[in-house]
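Worksheet: the structure to be examined is printed underneath.
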Amino acid sequence: MVPAVFPAHALLLAALAAPPTVLVLPLDARGGVTRDFADTVGDGLVEALRRQGLAVHALRELEGAAAQTRRAQVAGCEGACITELGAALHADEVVSGSLARVGKEHVLGLSRVVVRTGVATRSLQRRFPADRPAAVLDALPSVARDLVGLAPPGAAVVHAVAAPSAAAPAVRVRVAVLPFENTGKDERLEMLRKGLADMVLADFAACAAVQVVEREELNKVLDELKLQRDKAFDPATAQRVGQLLGAEYLVLGGFFRLGNSFRLDARVVRVETAAVATAQGVSGREEAFMDLEKELAVKLLAGLGTALSEEEQRRLSPARPGTLQDAVEYARAVDDEDAGRRGAARGRAQVLAARLPGMAAALRMVARLGTE
């Protein structure tokens, strides 16, 4: 007779095969999204994750209906808050995130974190038309599969990435450029933080493979999060901003002046993993400031694996070099536009565009503000 005793390795395999216990926190409702809608989406996510075979618990199920106020406070829990809460409720993993309205879209951002290590194993952002709330709910089965890391039923498993055919549409990456940090001591250059970011944004927009997050959209998210538009952000805050924008990559940079020399540095960070895709730097004379900025933009695009066409390369080669003073003047135009002084912004941009035909940022501002 065979003893009814499981070998140690069999017990280990059984433990490994058991699905993890997952705690789903209430979604953080942002940008005009109601608490009821965020809870409805959260409840739908719980059910969708259960259908993927996970042992899922919602916070409200563990605490009861009397804890509605506390649930609202827990929404938006991040970092140590997630791991502490997960450990206290004996969960292996925690799913948290936010649902925000940004312009004409709903943006759903989610992360799946291992409680023991505090490491996010999965992160994703999805965007939906704001005038179709049902689209968010309809997408939850797909969102749950992505969080679990499963392919949809019947889908073929892809082991290699095929080279795109000439007829295939180009895949565009969505990139947001945050205000640069003034790492030097010259306070007169503070306003350059937003202006320089907008210049890099304009050069990125010249590339067909990149979809940029416009400054107006970024400002709305910063206002919603009550963050200053001219402030440097810590990595966690920057990642949160990227998630709400639905951006795949963030550009974060800094600059300083030393004598007559200027240094620009920037890195491109993947929002999903917080990994640095590329980091670049350039140095040169402030009289050729705009050449430096364009050199930096081209290097960042190359670091993203973006191939520029001959026409795109031509647009990124200034017809007439601009100086640091020109960049400061454009920064003043950006400040005017953000403050609602559209006439002043348009006037500055028109002067710059006439004097510097290759200045993409000034040309975009003139087109954006029109001739009113």
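Residue numbering restarts at 1 for every chain of the structure tokens, chains are lettered A, B, ... in their displayed order, and ligands are numbered from 1 as they appear.
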task: Could you give me, as a VMD selection string, each residue of region 176-349 of chain A that DSSP assigns to strand (DSSP E) when run on this structure's backbone?
output: chain A and resid 176 to 177 181 to 182 210 to 212 249 to 258 261 to 270 276 to 285
With N, CA and C atoms retained, write the just-selected residues as a JSON list (two decimals), in the first residue's frame.
[["chain", "number", "residue", "atom", "x", "y", "z"],
["A", 176, "ALA", "N", 5.27, 62.38, -23.53],
["A", 176, "ALA", "CA", 5.03, 63.65, -22.84],
["A", 176, "ALA", "C", 6.38, 64.22, -22.40],
["A", 177, "VAL", "N", 6.53, 65.53, -22.53],
["A", 177, "VAL", "CA", 7.77, 66.20, -22.13],
["A", 177, "VAL", "C", 7.47, 67.08, -20.91],
["A", 181, "GLU", "N", 14.50, 70.91, -15.58],
["A", 181, "GLU", "CA", 14.94, 71.43, -14.28],
["A", 181, "GLU", "C", 16.15, 72.34, -14.46],
["A", 182, "ASN", "N", 16.10, 73.50, -13.83],
["A", 182, "ASN", "CA", 17.22, 74.43, -13.85],
["A", 182, "ASN", "C", 18.19, 74.00, -12.76],
["A", 210, "VAL", "N", 5.98, 59.60, -33.70],
["A", 210, "VAL", "CA", 5.75, 60.05, -32.32],
["A", 210, "VAL", "C", 4.44, 60.83, -32.23],
["A", 211, "GLN", "N", 3.65, 60.51, -31.23],
["A", 211, "GLN", "CA", 2.46, 61.29, -30.89],
["A", 211, "GLN", "C", 2.77, 62.03, -29.59],
["A", 212, "VAL", "N", 2.76, 63.34, -29.65],
["A", 212, "VAL", "CA", 3.14, 64.12, -28.46],
["A", 212, "VAL", "C", 1.90, 64.47, -27.64],
["A", 249, "TYR", "N", 5.93, 57.15, -22.81],
["A", 249, "TYR", "CA", 7.26, 57.60, -22.40],
["A", 249, "TYR", "C", 7.17, 59.03, -21.87],
["A", 250, "LEU", "N", 8.06, 59.34, -20.94],
["A", 250, "LEU", "CA", 8.22, 60.69, -20.41],
["A", 250, "LEU", "C", 9.63, 61.17, -20.73],
["A", 251, "VAL", "N", 9.75, 62.44, -21.07],
["A", 251, "VAL", "CA", 11.06, 63.07, -21.22],
["A", 251, "VAL", "C", 11.28, 63.98, -20.02],
["A", 252, "LEU", "N", 12.34, 63.73, -19.28],
["A", 252, "LEU", "CA", 12.71, 64.55, -18.12],
["A", 252, "LEU", "C", 14.13, 65.04, -18.33],
["A", 253, "GLY", "N", 14.36, 66.32, -18.10],
["A", 253, "GLY", "CA", 15.69, 66.86, -18.38],
["A", 253, "GLY", "C", 16.08, 67.99, -17.46],
["A", 254, "GLY", "N", 17.28, 68.48, -17.68],
["A", 254, "GLY", "CA", 17.81, 69.58, -16.90],
["A", 254, "GLY", "C", 18.81, 70.38, -17.71],
["A", 255, "PHE", "N", 19.15, 71.56, -17.21],
["A", 255, "PHE", "CA", 20.10, 72.42, -17.92],
["A", 255, "PHE", "C", 20.84, 73.29, -16.92],
["A", 256, "PHE", "N", 22.01, 73.76, -17.32],
["A", 256, "PHE", "CA", 22.71, 74.76, -16.53],
["A", 256, "PHE", "C", 23.68, 75.51, -17.43],
["A", 257, "ARG", "N", 24.01, 76.73, -17.03],
["A", 257, "ARG", "CA", 24.96, 77.56, -17.76],
["A", 257, "ARG", "C", 26.20, 77.74, -16.91],
["A", 258, "LEU", "N", 27.34, 77.62, -17.55],
["A", 258, "LEU", "CA", 28.61, 77.83, -16.87],
["A", 258, "LEU", "C", 29.45, 78.73, -17.76],
["A", 261, "SER", "N", 29.15, 78.75, -21.69],
["A", 261, "SER", "CA", 28.84, 77.40, -22.14],
["A", 261, "SER", "C", 27.52, 76.93, -21.53],
["A", 262, "PHE", "N", 26.80, 76.11, -22.29],
["A", 262, "PHE", "CA", 25.51, 75.62, -21.82],
["A", 262, "PHE", "C", 25.48, 74.11, -21.91],
["A", 263, "ARG", "N", 24.84, 73.46, -20.94],
["A", 263, "ARG", "CA", 24.72, 72.01, -20.90],
["A", 263, "ARG", "C", 23.25, 71.61, -20.83],
["A", 264, "LEU", "N", 22.83, 70.70, -21.71],
["A", 264, "LEU", "CA", 21.48, 70.17, -21.71],
["A", 264, "LEU", "C", 21.56, 68.65, -21.52],
["A", 265, "ASP", "N", 20.76, 68.12, -20.60],
["A", 265, "ASP", "CA", 20.70, 66.68, -20.38],
["A", 265, "ASP", "C", 19.24, 66.26, -20.33],
["A", 266, "ALA", "N", 18.95, 65.06, -20.82],
["A", 266, "ALA", "CA", 17.58, 64.55, -20.75],
["A", 266, "ALA", "C", 17.60, 63.03, -20.80],
["A", 267, "ARG", "N", 16.56, 62.44, -20.25],
["A", 267, "ARG", "CA", 16.39, 60.99, -20.33],
["A", 267, "ARG", "C", 14.94, 60.70, -20.69],
["A", 268, "VAL", "N", 14.74, 59.60, -21.40],
["A", 268, "VAL", "CA", 13.40, 59.15, -21.77],
["A", 268, "VAL", "C", 13.07, 57.95, -20.90],
["A", 269, "VAL", "N", 11.98, 58.04, -20.16],
["A", 269, "VAL", "CA", 11.60, 57.00, -19.21],
["A", 269, "VAL", "C", 10.32, 56.31, -19.68],
["A", 270, "ARG", "N", 10.33, 55.00, -19.68],
["A", 270, "ARG", "CA", 9.13, 54.24, -20.02],
["A", 270, "ARG", "C", 8.18, 54.27, -18.82],
["A", 276, "VAL", "N", 14.75, 53.54, -17.82],
["A", 276, "VAL", "CA", 15.27, 54.59, -18.70],
["A", 276, "VAL", "C", 15.56, 54.00, -20.07],
["A", 277, "ALA", "N", 14.85, 54.48, -21.09],
["A", 277, "ALA", "CA", 15.05, 53.98, -22.45],
["A", 277, "ALA", "C", 16.32, 54.56, -23.06],
["A", 278, "THR", "N", 16.59, 55.82, -22.79],
["A", 278, "THR", "CA", 17.81, 56.46, -23.29],
["A", 278, "THR", "C", 18.09, 57.71, -22.46],
["A", 279, "ALA", "N", 19.37, 58.05, -22.32],
["A", 279, "ALA", "CA", 19.79, 59.27, -21.63],
["A", 279, "ALA", "C", 20.84, 59.94, -22.50],
["A", 280, "GLN", "N", 20.67, 61.24, -22.75],
["A", 280, "GLN", "CA", 21.55, 61.95, -23.67],
["A", 280, "GLN", "C", 21.91, 63.32, -23.08],
["A", 281, "GLY", "N", 23.03, 63.85, -23.53],
["A", 281, "GLY", "CA", 23.46, 65.18, -23.12],
["A", 281, "GLY", "C", 24.24, 65.87, -24.22],
["A", 282, "VAL", "N", 24.17, 67.20, -24.25],
["A", 282, "VAL", "CA", 24.92, 67.99, -25.23],
["A", 282, "VAL", "C", 25.45, 69.23, -24.54],
["A", 283, "SER", "N", 26.56, 69.74, -25.06],
["A", 283, "SER", "CA", 27.16, 70.95, -24.52],
["A", 283, "SER", "C", 27.60, 71.85, -25.67],
["A", 284, "GLY", "N", 27.62, 73.16, -25.43],
["A", 284, "GLY", "CA", 28.07, 74.09, -26.46],
["A", 284, "GLY", "C", 27.90, 75.52, -26.03],
["A", 285, "ARG", "N", 28.16, 76.44, -26.95],
["A", 285, "ARG", "CA", 28.06, 77.86, -26.67],
["A", 285, "ARG", "C", 26.60, 78.29, -26.65]]
query: If you count only C-alpha atoms, which residues fall within 8 Å of region 44-47 of chain A, apart from same-chain ones fewer than 4 positions away, as a list in words?
result: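 Returned residues: Val24, Thr40, Arg51, Val56, His57, Ala58, Leu137, Leu140, Pro141 and Ala144 of chain A.
Note that the spacing between CA of Arg122 (chain A) and CA of Pro235 (chain A) amounts to 17.5 Å.
Proximity ranking of A:Glu272, A:Asp336, A:Asp234, A:Glu105 relative to Gly32 (chain A) places A:Glu105 first, based on only C-alpha atoms.
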task: Take CA of Glu312 (chain A) and CA of Ala208 (chain A) and report the distance between them in Å, one decimal.
output: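 Separating CA of Glu312 (chain A) from CA of Ala208 (chain A) is a distance of 8.3 Å.
Using only C-alpha atoms, the shortest contact distance between Val115 (chain A) and any of A:Leu23, A:Ala139, A:Ala205, A:Ala362 is found at A:Leu23.
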task: Could you please write out, as a ChimeraX atom specification, every residue of region 156-342 of chain A that DSSP assigns to helix (DSSP H, G or I)?
output: /A:187-189,192-205,215-224,235-245,286-303,310-315,324-338,342
field: Close residues, Gln350 (chain A) itself excluded, 9 Å, only C-alpha atoms, min 2 positions apart in chain, as a list in words
entry: Ala345, Arg346, Gly347, Arg348, Leu352, Ala353, Ala354, Arg355, Ala362, Leu363, Met365 and Val366 of chain A
- request: Determine, counting only C-alpha atoms, which protein, DNA and RNA residues have an atom within 10 Å of an atom of Thr83 (chain A); residues of the same chain fewer than 5 positions away are not included. Present the result as a ChimeraX atom specification.
  value: /A:77-78,88-89,91-94,113-119
message: If I take CA of Asp338 (chain A) and CA of Asp223 (chain A), how far is one from the other in Å, to one decimal?
response: 12.0 Å
Leu356 (chain A) surroundings by only C-alpha atoms, 12 Å radius, close-in-sequence under 6 positions cut, as a count of residues only: 16
- request: Excluding Ser142 (chain A) and any residue of its chain fewer than 3 positions from it, enumerate the residues within 12 Å of it, using only C-alpha atoms, and give them as a PyMOL selection string.
  value: chain A and resi 44-45+48-49+51-52+124+126+135-139+145-153
Include N, CA and C atoms and write out the residues we just selected as a PDB file, in the first residue's frame.
ATOM      1  N   GLY A  44     -16.250  46.021 -11.778  1.00  0.00           N
ATOM      2  CA  GLY A  44     -16.154  45.248 -13.008  1.00  0.00           C
ATOM      3  C   GLY A  44     -14.778  44.634 -13.187  1.00  0.00           C
ATOM      4  N   LEU A  45     -13.745  45.367 -12.757  1.00  0.00           N
ATOM      5  CA  LEU A  45     -12.381  44.850 -12.847  1.00  0.00           C
ATOM      6  C   LEU A  45     -12.202  43.636 -11.939  1.00  0.00           C
ATOM      7  N   ALA A  48     -13.744  40.683 -13.613  1.00  0.00           N
ATOM      8  CA  ALA A  48     -12.956  40.276 -14.779  1.00  0.00           C
ATOM      9  C   ALA A  48     -11.683  39.536 -14.359  1.00  0.00           C
ATOM     10  N   LEU A  49     -11.052  39.982 -13.259  1.00  0.00           N
ATOM     11  CA  LEU A  49      -9.856  39.300 -12.758  1.00  0.00           C
ATOM     12  C   LEU A  49     -10.201  37.920 -12.207  1.00  0.00           C
ATOM     13  N   ARG A  51     -12.458  35.983 -13.329  1.00  0.00           N
ATOM     14  CA  ARG A  51     -12.663  35.092 -14.468  1.00  0.00           C
ATOM     15  C   ARG A  51     -11.339  34.630 -15.073  1.00  0.00           C
ATOM     16  N   GLN A  52     -10.242  35.298 -14.681  1.00  0.00           N
ATOM     17  CA  GLN A  52      -8.912  34.873 -15.118  1.00  0.00           C
ATOM     18  C   GLN A  52      -8.294  33.852 -14.171  1.00  0.00           C
ATOM     19  N   LEU A 124      -0.289  49.281 -16.737  1.00  0.00           N
ATOM     20  CA  LEU A 124      -0.869  49.574 -18.043  1.00  0.00           C
ATOM     21  C   LEU A 124      -1.688  50.847 -17.974  1.00  0.00           C
ATOM     22  N   ARG A 126      -4.920  52.700 -20.368  1.00  0.00           N
ATOM     23  CA  ARG A 126      -5.854  52.582 -21.480  1.00  0.00           C
ATOM     24  C   ARG A 126      -6.649  53.881 -21.586  1.00  0.00           C
ATOM     25  N   ALA A 135     -17.589  52.170 -22.842  1.00  0.00           N
ATOM     26  CA  ALA A 135     -16.389  51.631 -23.488  1.00  0.00           C
ATOM     27  C   ALA A 135     -15.368  51.166 -22.460  1.00  0.00           C
ATOM     28  N   VAL A 136     -15.324  51.858 -21.319  1.00  0.00           N
ATOM     29  CA  VAL A 136     -14.404  51.458 -20.252  1.00  0.00           C
ATOM     30  C   VAL A 136     -14.808  50.093 -19.709  1.00  0.00           C
ATOM     31  N   LEU A 137     -16.092  49.926 -19.451  1.00  0.00           N
ATOM     32  CA  LEU A 137     -16.589  48.663 -18.898  1.00  0.00           C
ATOM     33  C   LEU A 137     -16.428  47.525 -19.898  1.00  0.00           C
ATOM     34  N   ASP A 138     -16.687  47.807 -21.167  1.00  0.00           N
ATOM     35  CA  ASP A 138     -16.567  46.761 -22.187  1.00  0.00           C
ATOM     36  C   ASP A 138     -15.133  46.258 -22.321  1.00  0.00           C
ATOM     37  N   ALA A 139     -14.171  47.122 -22.014  1.00  0.00           N
ATOM     38  CA  ALA A 139     -12.764  46.756 -22.194  1.00  0.00           C
ATOM     39  C   ALA A 139     -12.174  46.007 -21.002  1.00  0.00           C
ATOM     40  N   ARG A 145      -6.981  40.547 -18.706  1.00  0.00           N
ATOM     41  CA  ARG A 145      -6.030  39.618 -19.334  1.00  0.00           C
ATOM     42  C   ARG A 145      -4.638  40.236 -19.395  1.00  0.00           C
ATOM     43  N   ASP A 146      -4.587  41.529 -19.700  1.00  0.00           N
ATOM     44  CA  ASP A 146      -3.290  42.197 -19.763  1.00  0.00           C
ATOM     45  C   ASP A 146      -2.623  42.239 -18.387  1.00  0.00           C
ATOM     46  N   LEU A 147      -3.415  42.478 -17.355  1.00  0.00           N
ATOM     47  CA  LEU A 147      -2.853  42.516 -15.994  1.00  0.00           C
ATOM     48  C   LEU A 147      -2.323  41.151 -15.565  1.00  0.00           C
ATOM     49  N   VAL A 148      -3.034  40.100 -15.980  1.00  0.00           N
ATOM     50  CA  VAL A 148      -2.619  38.750 -15.622  1.00  0.00           C
ATOM     51  C   VAL A 148      -1.481  38.282 -16.527  1.00  0.00           C
ATOM     52  N   GLY A 149      -1.438  38.841 -17.748  1.00  0.00           N
ATOM     53  CA  GLY A 149      -0.385  38.463 -18.688  1.00  0.00           C
ATOM     54  C   GLY A 149      -0.787  37.323 -19.584  1.00  0.00           C
ATOM     55  N   LEU A 150      -2.096  37.194 -19.842  1.00  0.00           N
ATOM     56  CA  LEU A 150      -2.605  36.122 -20.691  1.00  0.00           C
ATOM     57  C   LEU A 150      -3.033  36.667 -22.042  1.00  0.00           C
ATOM     58  N   ALA A 151      -2.929  35.856 -23.059  1.00  0.00           N
ATOM     59  CA  ALA A 151      -3.434  36.225 -24.382  1.00  0.00           C
ATOM     60  C   ALA A 151      -4.936  35.967 -24.415  1.00  0.00           C
ATOM     61  N   PRO A 152      -5.692  36.673 -25.229  1.00  0.00           N
ATOM     62  CA  PRO A 152      -7.121  36.432 -25.343  1.00  0.00           C
ATOM     63  C   PRO A 152      -7.413  35.046 -25.875  1.00  0.00           C
ATOM     64  N   PRO A 153      -8.584  34.484 -25.535  1.00  0.00           N
ATOM     65  CA  PRO A 153      -8.917  33.130 -25.992  1.00  0.00           C
ATOM     66  C   PRO A 153      -8.776  32.999 -27.502  1.00  0.00           C
TER      67      PRO A 153
END
field: Shell of 10 Å around region 217-221 of chain A, only C-alpha atoms, local chain residues under 5 positions omitted, as an MDAnalysis selection string
entry: chainID A and resid 30:31 100:103 176:178 226:229 240:242 244:245 338
- request: Using only C-alpha atoms, find the one residue out of A:Glu293, A:Asp39, A:Asp131, A:Glu248 that sits nearest to Val271 (chain A).
  value: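 That would be A:Glu248, the residue with the smallest distance to Val271 (chain A).
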message: Ranking A:Met199, A:Val143, A:Leu192, A:Val351 by minimum distance to Arg127 (chain A) and counting only C-alpha atoms, which one comes first?
response: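 Smallest distance to Arg127 (chain A) is found for A:Val143.
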